[in-house]
$ cat query_36.pdb   # PDB, N, CA and C atoms
MODEL        1
ATOM      1  N   THR A   1     -20.602 -14.498 -40.034
ATOM      2  CA  THR A   1     -21.200 -13.539 -40.966
ATOM      3  C   THR A   1     -22.255 -12.685 -40.285
ATOM      4  N   GLY A   2     -22.888 -13.195 -39.250
ATOM      5  CA  GLY A   2     -23.931 -12.445 -38.560
ATOM      6  C   GLY A   2     -23.378 -11.210 -37.882
ATOM      7  N   SER A   3     -22.189 -11.308 -37.275
ATOM      8  CA  SER A   3     -21.644 -10.159 -36.573
ATOM      9  C   SER A   3     -21.180  -9.095 -37.557
ATOM     10  N   GLY A   4     -20.755  -9.495 -38.767
ATOM     11  CA  GLY A   4     -20.343  -8.519 -39.774
ATOM     12  C   GLY A   4     -21.526  -7.717 -40.282
ATOM     13  N   ALA A   5     -22.692  -8.310 -40.324
ATOM     14  CA  ALA A   5     -23.872  -7.625 -40.829
ATOM     15  C   ALA A   5     -24.351  -6.561 -39.842
ATOM     16  N   THR A   6     -24.117  -6.740 -38.571
ATOM     17  CA  THR A   6     -24.567  -5.771 -37.580
ATOM     18  C   THR A   6     -23.541  -4.673 -37.347
ATOM     19  N   GLY A   7     -22.356  -4.834 -37.904
ATOM     20  CA  GLY A   7     -21.313  -3.840 -37.699
ATOM     21  C   GLY A   7     -20.538  -4.079 -36.421
ATOM     22  N   LYS A   8     -20.844  -5.165 -35.744
ATOM     23  CA  LYS A   8     -20.139  -5.510 -34.507
ATOM     24  C   LYS A   8     -19.361  -6.791 -34.769
ATOM     25  N   GLY A   9     -18.075  -6.673 -34.804
ATOM     26  CA  GLY A   9     -17.246  -7.845 -35.063
ATOM     27  C   GLY A   9     -16.036  -7.817 -34.181
ATOM     28  N   GLU A  10     -14.902  -8.063 -34.798
ATOM     29  CA  GLU A  10     -13.663  -8.110 -34.032
ATOM     30  C   GLU A  10     -13.368  -6.778 -33.356
ATOM     31  N   ALA A  11     -13.649  -5.687 -34.022
ATOM     32  CA  ALA A  11     -13.375  -4.368 -33.438
ATOM     33  C   ALA A  11     -14.182  -4.198 -32.156
ATOM     34  N   TRP A  12     -15.430  -4.615 -32.178
ATOM     35  CA  TRP A  12     -16.273  -4.509 -30.979
ATOM     36  C   TRP A  12     -15.707  -5.381 -29.857
ATOM     37  N   ASP A  13     -15.294  -6.607 -30.216
ATOM     38  CA  ASP A  13     -14.712  -7.517 -29.223
ATOM     39  C   ASP A  13     -13.436  -6.926 -28.625
ATOM     40  N   LEU A  14     -12.613  -6.286 -29.454
ATOM     41  CA  LEU A  14     -11.382  -5.682 -28.971
ATOM     42  C   LEU A  14     -11.675  -4.520 -28.031
ATOM     43  N   LEU A  15     -12.665  -3.713 -28.373
ATOM     44  CA  LEU A  15     -13.034  -2.601 -27.506
ATOM     45  C   LEU A  15     -13.552  -3.103 -26.162
ATOM     46  N   GLU A  16     -14.346  -4.143 -26.197
ATOM     47  CA  GLU A  16     -14.877  -4.709 -24.958
ATOM     48  C   GLU A  16     -13.749  -5.299 -24.118
ATOM     49  N   ALA A  17     -12.811  -5.991 -24.760
ATOM     50  CA  ALA A  17     -11.667  -6.556 -24.038
ATOM     51  C   ALA A  17     -10.820  -5.446 -23.425
ATOM     52  N   GLN A  18     -10.647  -4.356 -24.169
ATOM     53  CA  GLN A  18      -9.875  -3.222 -23.664
ATOM     54  C   GLN A  18     -10.573  -2.592 -22.451
ATOM     55  N   ARG A  19     -11.883  -2.479 -22.516
ATOM     56  CA  ARG A  19     -12.642  -1.922 -21.399
ATOM     57  C   ARG A  19     -12.508  -2.810 -20.164
ATOM     58  N   LEU A  20     -12.590  -4.115 -20.351
ATOM     59  CA  LEU A  20     -12.454  -5.049 -19.236
ATOM     60  C   LEU A  20     -11.051  -4.991 -18.640
ATOM     61  N   MET A  21     -10.043  -4.869 -19.505
ATOM     62  CA  MET A  21      -8.667  -4.767 -19.009
ATOM     63  C   MET A  21      -8.471  -3.482 -18.221
ATOM     64  N   ALA A  22      -9.066  -2.398 -18.669
ATOM     65  CA  ALA A  22      -8.954  -1.127 -17.948
ATOM     66  C   ALA A  22      -9.623  -1.240 -16.578
ATOM     67  N   ALA A  23     -10.762  -1.911 -16.519
ATOM     68  CA  ALA A  23     -11.455  -2.097 -15.248
ATOM     69  C   ALA A  23     -10.606  -2.953 -14.305
ATOM     70  N   ASP A  24     -10.004  -4.019 -14.837
ATOM     71  CA  ASP A  24      -9.126  -4.861 -14.013
ATOM     72  C   ASP A  24      -7.917  -4.063 -13.540
ATOM     73  N   GLY A  25      -7.362  -3.251 -14.420
ATOM     74  CA  GLY A  25      -6.220  -2.420 -14.052
ATOM     75  C   GLY A  25      -6.567  -1.470 -12.926
ATOM     76  N   GLN A  26      -7.763  -0.911 -12.973
ATOM     77  CA  GLN A  26      -8.200  -0.001 -11.910
ATOM     78  C   GLN A  26      -8.333  -0.751 -10.581
ATOM     79  N   LYS A  27      -8.837  -1.980 -10.630
ATOM     80  CA  LYS A  27      -8.943  -2.781  -9.407
ATOM     81  C   LYS A  27      -7.565  -3.051  -8.817
ATOM     82  N   PHE A  28      -6.608  -3.409  -9.692
ATOM     83  CA  PHE A  28      -5.255  -3.668  -9.209
ATOM     84  C   PHE A  28      -4.634  -2.400  -8.624
ATOM     85  N   ASN A  29      -4.866  -1.269  -9.255
ATOM     86  CA  ASN A  29      -4.323  -0.007  -8.753
ATOM     87  C   ASN A  29      -4.889   0.324  -7.373
ATOM     88  N   MET A  30      -6.177   0.085  -7.180
ATOM     89  CA  MET A  30      -6.791   0.354  -5.880
ATOM     90  C   MET A  30      -6.237  -0.597  -4.814
ATOM     91  N   ALA A  31      -6.037  -1.858  -5.181
ATOM     92  CA  ALA A  31      -5.469  -2.821  -4.232
ATOM     93  C   ALA A  31      -4.040  -2.419  -3.876
ATOM     94  N   TYR A  32      -3.270  -1.965  -4.866
ATOM     95  CA  TYR A  32      -1.892  -1.540  -4.625
ATOM     96  C   TYR A  32      -1.852  -0.313  -3.725
ATOM     97  N   LEU A  33      -2.764   0.630  -3.963
ATOM     98  CA  LEU A  33      -2.839   1.831  -3.132
ATOM     99  C   LEU A  33      -3.185   1.461  -1.693
ATOM    100  N   SER A  34      -4.098   0.533  -1.525
ATOM    101  CA  SER A  34      -4.475   0.075  -0.191
ATOM    102  C   SER A  34      -3.281  -0.574   0.513
ATOM    103  N   LEU A  35      -2.535  -1.384  -0.228
ATOM    104  CA  LEU A  35      -1.351  -2.034   0.340
ATOM    105  C   LEU A  35      -0.309  -0.990   0.745
ATOM    106  N   GLN A  36      -0.104   0.019  -0.095
ATOM    107  CA  GLN A  36       0.830   1.088   0.245
ATOM    108  C   GLN A  36       0.406   1.806   1.528
ATOM    109  N   ASN A  37      -0.875   2.086   1.646
ATOM    110  CA  ASN A  37      -1.375   2.767   2.848
ATOM    111  C   ASN A  37      -1.155   1.916   4.097
ATOM    112  N   GLU A  38      -1.404   0.620   3.983
ATOM    113  CA  GLU A  38      -1.193  -0.273   5.120
ATOM    114  C   GLU A  38       0.278  -0.306   5.521
ATOM    115  N   MET A  39       1.173  -0.349   4.532
ATOM    116  CA  MET A  39       2.599  -0.398   4.835
ATOM    117  C   MET A  39       3.076   0.914   5.452
ATOM    118  N   GLN A  40       2.547   2.044   4.983
ATOM    119  CA  GLN A  40       2.900   3.326   5.583
ATOM    120  C   GLN A  40       2.429   3.394   7.032
ATOM    121  N   LYS A  41       1.237   2.875   7.293
ATOM    122  CA  LYS A  41       0.708   2.857   8.667
ATOM    123  C   LYS A  41       1.599   2.002   9.555
ATOM    124  N   GLU A  42       1.987   0.815   9.068
ATOM    125  CA  GLU A  42       2.875  -0.050   9.836
ATOM    126  C   GLU A  42       4.208   0.634  10.104
ATOM    127  N   SER A  43       4.722   1.319   9.122
ATOM    128  CA  SER A  43       5.998   2.012   9.271
ATOM    129  C   SER A  43       5.900   3.109  10.331
ATOM    130  N   ARG A  44       4.803   3.875  10.302
ATOM    131  CA  ARG A  44       4.609   4.924  11.315
ATOM    132  C   ARG A  44       4.512   4.312  12.715
ATOM    133  N   GLU A  45       3.788   3.192  12.832
ATOM    134  CA  GLU A  45       3.659   2.531  14.129
ATOM    135  C   GLU A  45       5.015   2.031  14.617
ATOM    136  N   HIS A  46       5.783   1.428  13.726
ATOM    137  CA  HIS A  46       7.111   0.931  14.082
ATOM    138  C   HIS A  46       8.006   2.074  14.535
ATOM    139  N   ASN A  47       7.983   3.180  13.812
ATOM    140  CA  ASN A  47       8.810   4.327  14.183
ATOM    141  C   ASN A  47       8.409   4.889  15.548
ATOM    142  N   ALA A  48       7.114   4.942  15.813
ATOM    143  CA  ALA A  48       6.641   5.456  17.099
ATOM    144  C   ALA A  48       7.124   4.566  18.239
ATOM    145  N   ILE A  49       6.975   3.255  18.079
ATOM    146  CA  ILE A  49       7.414   2.330  19.122
ATOM    147  C   ILE A  49       8.926   2.401  19.294
ATOM    148  N   SER A  50       9.644   2.481  18.183
ATOM    149  CA  SER A  50      11.096   2.578  18.246
ATOM    150  C   SER A  50      11.537   3.836  18.982
ATOM    151  N   ASN A  51      10.884   4.948  18.717
ATOM    152  CA  ASN A  51      11.223   6.198  19.398
ATOM    153  C   ASN A  51      10.942   6.111  20.896
ATOM    154  N   ILE A  52       9.819   5.497  21.258
ATOM    155  CA  ILE A  52       9.475   5.337  22.670
ATOM    156  C   ILE A  52      10.517   4.473  23.377
ATOM    157  N   MET A  53      10.911   3.372  22.739
ATOM    158  CA  MET A  53      11.908   2.489  23.340
ATOM    159  C   MET A  53      13.260   3.196  23.482
ATOM    160  N   LYS A  54      13.621   4.019  22.516
ATOM    161  CA  LYS A  54      14.880   4.763  22.590
ATOM    162  C   LYS A  54      14.850   5.752  23.758
ATOM    163  N   VAL A  55      13.734   6.448  23.920
ATOM    164  CA  VAL A  55      13.619   7.400  25.030
ATOM    165  C   VAL A  55      13.723   6.665  26.362
ATOM    166  N   ARG A  56      13.053   5.517  26.479
ATOM    167  CA  ARG A  56      13.122   4.738  27.723
ATOM    168  C   ARG A  56      14.553   4.288  28.002
ATOM    169  N   HIS A  57      15.223   3.816  26.961
ATOM    170  CA  HIS A  57      16.605   3.363  27.115
ATOM    171  C   HIS A  57      17.509   4.519  27.531
ATOM    172  N   ASP A  58      17.370   5.644  26.847
ATOM    173  CA  ASP A  58      18.207   6.806  27.165
ATOM    174  C   ASP A  58      17.940   7.304  28.579
ATOM    175  N   SER A  59      16.695   7.271  28.999
ATOM    176  CA  SER A  59      16.359   7.709  30.368
ATOM    177  C   SER A  59      16.962   6.762  31.396
ATOM    178  N   ALA A  60      16.857   5.471  31.169
ATOM    179  CA  ALA A  60      17.429   4.493  32.096
ATOM    180  C   ALA A  60      18.937   4.638  32.136
ATOM    181  N   LYS A  61      19.568   4.842  31.003
ATOM    182  CA  LYS A  61      21.028   5.006  30.943
ATOM    183  C   LYS A  61      21.445   6.267  31.699
ATOM    184  N   ALA A  62      20.692   7.349  31.522
ATOM    185  CA  ALA A  62      21.012   8.600  32.231
ATOM    186  C   ALA A  62      20.846   8.423  33.734
ATOM    187  N   ALA A  63      19.814   7.695  34.159
ATOM    188  CA  ALA A  63      19.599   7.455  35.584
ATOM    189  C   ALA A  63      20.749   6.651  36.171
ATOM    190  N   ILE A  64      21.196   5.629  35.454
ATOM    191  CA  ILE A  64      22.317   4.796  35.917
ATOM    192  C   ILE A  64      23.587   5.652  36.003
ATOM    193  N   ASN A  65      23.828   6.477  35.020
ATOM    194  CA  ASN A  65      25.022   7.345  35.023
ATOM    195  C   ASN A  65      24.960   8.368  36.163
ATOM    196  N   ASN A  66      23.780   8.820  36.513
ATOM    197  CA  ASN A  66      23.642   9.785  37.623
ATOM    198  C   ASN A  66      23.934   9.138  38.971
ATOM    199  N   ILE A  67      23.675   7.852  39.079
ATOM    200  CA  ILE A  67      23.928   7.137  40.330
ATOM    201  C   ILE A  67      25.435   6.996  40.542
ATOM    202  N   ARG A  68      26.173   6.792  39.488
ATOM    203  CA  ARG A  68      27.630   6.605  39.573
ATOM    204  C   ARG A  68      28.266   7.829  40.032
TER     205      ARG A  68
ENDMDL
END

$ encode --input "query_36.pdb" --output "structure tokens"
Amino acid sequence: TGSGATGKGEAWDLLEAQRLMAADGQKFNMAYLSLQNEMQKESREHNAISNIMKVRHDSAKAAINNIR
């Protein structure tokens, strides 16, 4: 009965819960964005190394073919 007299009751609790859920959602979104950025960085690094290895392989193959 005390919370009804102040005008703060279930509606206030629901609003507070909604605010907390929105804050948690924002934290999860930031963590997800960070994870996406890390995966993109890893992908770029993998592609760079893969390209370097391909060039080395192609150069070695061309050198061997030139000897023949």

$ atom_distance --input "query_36.pdb" --atom1 "atom C of A:Arg44" --atom2 "atom N of A:Gln26"
28.9 Å

$ atom_distance --input "query_36.pdb" --atom1 "atom C of A:Asn51" --atom2 "atom N of A:Leu33"
28.9 Å

$ atom_distance --input "query_36.pdb" --atom1 "atom CA of A:Arg68" --atom2 "atom CA of A:Met53"
23.0 Å

$ axis_aligned_box --input "query_36.pdb" --around "stretch 52-59 of chain A" --padding-each-side "8 Å" --output "JSON"
{"center_x": 13.8, "center_y": 5.1, "center_z": 26.3, "size_x": 24.7, "size_y": 21.2, "size_z": 26.1}

$ build_atoms --input "query_36.pdb" --residues "stretch 48-62 of chain A" --atoms "N, CA, C and O atoms" --output "PDB file, in the coordinates of the input"
ATOM      1  N   ALA A  48       7.114   4.942  15.813  1.00  0.00           N
ATOM      2  CA  ALA A  48       6.641   5.456  17.099  1.00  0.00           C
ATOM      3  C   ALA A  48       7.124   4.566  18.239  1.00  0.00           C
ATOM      4  O   ALA A  48       7.643   5.057  19.253  1.00  0.00           O
ATOM      5  N   ILE A  49       6.975   3.255  18.079  1.00  0.00           N
ATOM      6  CA  ILE A  49       7.414   2.330  19.122  1.00  0.00           C
ATOM      7  C   ILE A  49       8.926   2.401  19.294  1.00  0.00           C
ATOM      8  O   ILE A  49       9.441   2.413  20.416  1.00  0.00           O
ATOM      9  N   SER A  50       9.644   2.481  18.183  1.00  0.00           N
ATOM     10  CA  SER A  50      11.096   2.578  18.246  1.00  0.00           C
ATOM     11  C   SER A  50      11.537   3.836  18.982  1.00  0.00           C
ATOM     12  O   SER A  50      12.455   3.791  19.824  1.00  0.00           O
ATOM     13  N   ASN A  51      10.884   4.948  18.717  1.00  0.00           N
ATOM     14  CA  ASN A  51      11.223   6.198  19.398  1.00  0.00           C
ATOM     15  C   ASN A  51      10.942   6.111  20.896  1.00  0.00           C
ATOM     16  O   ASN A  51      11.731   6.588  21.718  1.00  0.00           O
ATOM     17  N   ILE A  52       9.819   5.497  21.258  1.00  0.00           N
ATOM     18  CA  ILE A  52       9.475   5.337  22.670  1.00  0.00           C
ATOM     19  C   ILE A  52      10.517   4.473  23.377  1.00  0.00           C
ATOM     20  O   ILE A  52      10.992   4.805  24.470  1.00  0.00           O
ATOM     21  N   MET A  53      10.911   3.372  22.739  1.00  0.00           N
ATOM     22  CA  MET A  53      11.908   2.489  23.340  1.00  0.00           C
ATOM     23  C   MET A  53      13.260   3.196  23.482  1.00  0.00           C
ATOM     24  O   MET A  53      13.964   3.014  24.477  1.00  0.00           O
ATOM     25  N   LYS A  54      13.621   4.019  22.516  1.00  0.00           N
ATOM     26  CA  LYS A  54      14.880   4.763  22.590  1.00  0.00           C
ATOM     27  C   LYS A  54      14.850   5.752  23.758  1.00  0.00           C
ATOM     28  O   LYS A  54      15.829   5.867  24.504  1.00  0.00           O
ATOM     29  N   VAL A  55      13.734   6.448  23.920  1.00  0.00           N
ATOM     30  CA  VAL A  55      13.619   7.400  25.030  1.00  0.00           C
ATOM     31  C   VAL A  55      13.723   6.665  26.362  1.00  0.00           C
ATOM     32  O   VAL A  55      14.411   7.122  27.290  1.00  0.00           O
ATOM     33  N   ARG A  56      13.053   5.517  26.479  1.00  0.00           N
ATOM     34  CA  ARG A  56      13.122   4.738  27.723  1.00  0.00           C
ATOM     35  C   ARG A  56      14.553   4.288  28.002  1.00  0.00           C
ATOM     36  O   ARG A  56      15.039   4.360  29.129  1.00  0.00           O
ATOM     37  N   HIS A  57      15.223   3.816  26.961  1.00  0.00           N
ATOM     38  CA  HIS A  57      16.605   3.363  27.115  1.00  0.00           C
ATOM     39  C   HIS A  57      17.509   4.519  27.531  1.00  0.00           C
ATOM     40  O   HIS A  57      18.324   4.391  28.461  1.00  0.00           O
ATOM     41  N   ASP A  58      17.370   5.644  26.847  1.00  0.00           N
ATOM     42  CA  ASP A  58      18.207   6.806  27.165  1.00  0.00           C
ATOM     43  C   ASP A  58      17.940   7.304  28.579  1.00  0.00           C
ATOM     44  O   ASP A  58      18.877   7.703  29.292  1.00  0.00           O
ATOM     45  N   SER A  59      16.695   7.271  28.999  1.00  0.00           N
ATOM     46  CA  SER A  59      16.359   7.709  30.368  1.00  0.00           C
ATOM     47  C   SER A  59      16.962   6.762  31.396  1.00  0.00           C
ATOM     48  O   SER A  59      17.519   7.217  32.412  1.00  0.00           O
ATOM     49  N   ALA A  60      16.857   5.471  31.169  1.00  0.00           N
ATOM     50  CA  ALA A  60      17.429   4.493  32.096  1.00  0.00           C
ATOM     51  C   ALA A  60      18.937   4.638  32.136  1.00  0.00           C
ATOM     52  O   ALA A  60      19.556   4.602  33.227  1.00  0.00           O
ATOM     53  N   LYS A  61      19.568   4.842  31.003  1.00  0.00           N
ATOM     54  CA  LYS A  61      21.028   5.006  30.943  1.00  0.00           C
ATOM     55  C   LYS A  61      21.445   6.267  31.699  1.00  0.00           C
ATOM     56  O   LYS A  61      22.433   6.258  32.461  1.00  0.00           O
ATOM     57  N   ALA A  62      20.692   7.349  31.522  1.00  0.00           N
ATOM     58  CA  ALA A  62      21.012   8.600  32.231  1.00  0.00           C
ATOM     59  C   ALA A  62      20.846   8.423  33.734  1.00  0.00           C
ATOM     60  O   ALA A  62      21.680   8.910  34.530  1.00  0.00           O
TER      61      ALA A  62
END
